Amino acid sequence: MIDSHTHSKYSKHAIGDIEEVVLSAIENGIKILTITDHAPFPIDENNRLLEDELQSYFDDISYVQHKYSKDITILKGLEVDFLPEYLPYIKKLVANIEVDFLIGSIHFIFLNEKRVNVWDIEVLSNKQLIVQYFSYLKELIESNLFDSIGHPDSLLRGGIDDKVYSEYFYSLIPLMKSHNISYELNASGLRKSTFDIKNKIKRKGIWNFPSKLLVSVLNQNNISFTIGSDSHTPNDVSLGIQEVLRVVHQLGVKEISYYKNRKNCKIDINDCINKE
Ligand SMILES: [Zn+2]
Ligand SMILES: [Zn+2]
């Protein structure tokens with residue numbers, strides 16, 4: 001079993017030290033774990049690693065890699081924020097680090113100089129905002145800096161119709177292929193609230209992402225998939241992954257990818273799904 005998106009207290013809005021994340025992963029049957037704390041970024045800079053913490057972050061991962069080498073494969077990753085105007089900053093940051101896996105994620109969208117966060121779910125169905133998000137996504141892919149797109153369908157929390165959202169995404173498929181970037185199946189969509197546009201309330205327990213429609217179309221186009229719980233506490237490591245795997249398996253997905261030394265390694269999805 002794989003979990004390729006996990007956070008520790010280095011992300012500040014997450015809890016648990018790296019060893020606690022690892023112990024929970026072992027307990028939950030994870031065989032390949034990637035730690036992906038939020039990389040330093042000039043926006044919301046205190047909710048993530050600081051540049052001067054990177055070395056101790058990597059040292060902590062090296063420590064558990066050796067200590068638990070018999071039980072689990074642990075990989076070094078980062079979830080890097082993407083915003084077009086910070087491309088020079090991001091390029092410089094990633095040029096100076098050695099990791100196994102880089103997720104590129106969009107958490108902030110600027111519209112008319114105002115910042116919208118992807119967790120401001122009441123406003124995510126705004127058409128201009130969606131258009132802006134997709135223009136960022138295009139640049140994220142074209143930057144060629146990342147292995148996988150983090151929660152690429154998280155705007156679906158805003159109650160946008162899956163079909164409408166997928167239509168926006170289709171134009172990016174050729175670009176994803178030419179830049180060899182994977183699509184992340186982010187299992188946190190199973191536990192996060194969705195905005196009910198009609199009744200103007202937040203609802204829990206609705207499958208908002210990953211988008212089943214989009215996943216099946218991407219799969220037909222041979223896009224590869226990474227998978228992660230996006231855990232922000234040791235308790236949530238591996239959470240939702242089995243459920244997502246079973247569903248995407250039924251949609252026709254045959255392999256799941258993880259990255260080692262920035263190389264795409266594929267595993268048969270049948271070997272990731274726990275037998276009942
Ligand atoms: Zn986070
Ligand atoms: Zn994220």
# chains A, B, ... in the order shown; residues from 1 in each chain; ligands from 1
call {"tool": "select_by_dssp", "arguments": {"residues": "region 101-246 of chain A", "states": "strand (DSSP E or B)", "output": "PyMOL selection string"}}
result
chain A and resi 101-105+108-111+114-117+148-149+182-186+194-196+201-203+225-228+231
call {"tool": "residues_around", "arguments": {"residues": "Ile206 (chain A)", "least_positions_apart": "2", "cutoff": "7 Å", "atoms": "only C-alpha atoms", "output": "PyMOL selection string"}}
result
chain A and resi 190+194+203-204+208
call {"tool": "closest_residue", "arguments": {"among": "A:Glu27, A:Glu98, A:Asp161, A:Glu20", "to": "Lys127 (chain A)", "atoms": "only C-alpha atoms"}}
result
A:Asp161
call {"tool": "closest_residue", "arguments": {"among": "A:Ser148, A:Ser193, A:Ser62, A:Ser238", "to": "ligand 2", "atoms": "only C-alpha atoms and all ligand atoms"}}
result
A:Ser148
call {"tool": "atom_distance", "arguments": {"atom1": "CA of Leu156 (chain A)", "atom2": "CA of Ile130 (chain A)"}}
result
10.2 Å
call {"tool": "residues_near_ligand", "arguments": {"ligand": "ligand 2", "cutoff": "9 Å", "atoms": "only C-alpha atoms and all ligand atoms", "output": "list in words"}}
result
His5, His38, Glu79, Val80, Asp81, Ile103, Gly104, Ser105, Ile106, His107, Val118, Gly150, His151, Ser154 and Asp230 of chain A
call {"tool": "select_by_dssp", "arguments": {"residues": "region 91-138 of chain A", "states": "alpha helix (DSSP H)", "output": "list in words"}}
result
Lys91, Lys92, Leu93, Val94, Ala95, Lys127, Gln128, Leu129, Ile130, Val131, Gln132, Tyr133, Phe134, Ser135, Tyr136, Leu137 and Lys138 of chain A
call {"tool": "residues_near_ligand", "arguments": {"ligand": "ligand 1", "cutoff": "7 Å", "atoms": "only C-alpha atoms and all ligand atoms", "output": "list in words"}}
result
Ser11, His13, Ala14, His38 and His232 of chain A
call {"tool": "write_last_selection", "arguments": {"atoms": "C-alpha atoms", "output": "tab-separated table (two decimals), in the first residue's frame"}}
result
chain	number	residue	atom	x	y	z
A	11	SER	CA	3.86	22.23	8.04
A	13	HIS	CA	-0.97	23.63	10.61
A	14	ALA	CA	-0.34	19.87	10.88
A	38	HIS	CA	4.54	22.20	2.52
A	232	HIS	CA	-2.21	16.50	8.57
call {"tool": "atom_distance", "arguments": {"atom1": "CA of Ser188 (chain A)", "atom2": "CA of Val64 (chain A)"}}
result
24.9 Å
call {"tool": "residues_around", "arguments": {"residues": "Ser69 (chain A)", "least_positions_apart": "5", "cutoff": "12 Å", "atoms": "only C-alpha atoms", "output": "PyMOL selection string"}}
result
chain A and resi 22+26+31-33+61-64+74-75
call {"tool": "residues_around", "arguments": {"residues": "region 264-268 of chain A", "least_positions_apart": "6", "cutoff": "7 Å", "atoms": "only C-alpha atoms", "output": "PyMOL selection string"}}
result
chain A and resi 254-258
call {"tool": "closest_residue", "arguments": {"among": "A:Gln132, A:Asn46, A:Asn274, A:Asn235", "to": "Asn112 (chain A)", "atoms": "only C-alpha atoms"}}
result
A:Gln132
call {"tool": "residues_around", "arguments": {"residues": "Lys212 (chain A)", "least_positions_apart": "3", "cutoff": "9 Å", "atoms": "only C-alpha atoms", "output": "list in words"}}
result
Asp162, Phe209, Val215, Ser216, Val217, Val247, Val248 and Leu251 of chain A
call {"tool": "closest_residue", "arguments": {"among": "A:Met1, A:Ile197, A:Ile97, A:Leu145", "to": "Asn28 (chain A)", "atoms": "only C-alpha atoms"}}
result
A:Met1
call {"tool": "atom_distance", "arguments": {"atom1": "CA of Lys198 (chain A)", "atom2": "CA of Tyr168 (chain A)"}}
result
22.2 Å
call {"tool": "residues_around", "arguments": {"residues": "Val131 (chain A)", "least_positions_apart": "3", "cutoff": "12 Å", "atoms": "only C-alpha atoms", "output": "MDAnalysis selection string"}}
result
chainID A and resid 109:111 124:128 134:138 155 164:165 167:169
call {"tool": "residues_around", "arguments": {"residues": "Thr34 (chain A)", "least_positions_apart": "5", "cutoff": "9 Å", "atoms": "only C-alpha atoms", "output": "number ranges by chain"}}
result
A: 2-6, 73-78, 100-101, 228, 258-259
call {"tool": "closest_residue", "arguments": {"among": "A:Lys114, A:Lys275, A:Arg157, A:Arg48", "to": "Asp196 (chain A)", "atoms": "only C-alpha atoms"}}
result
A:Arg157
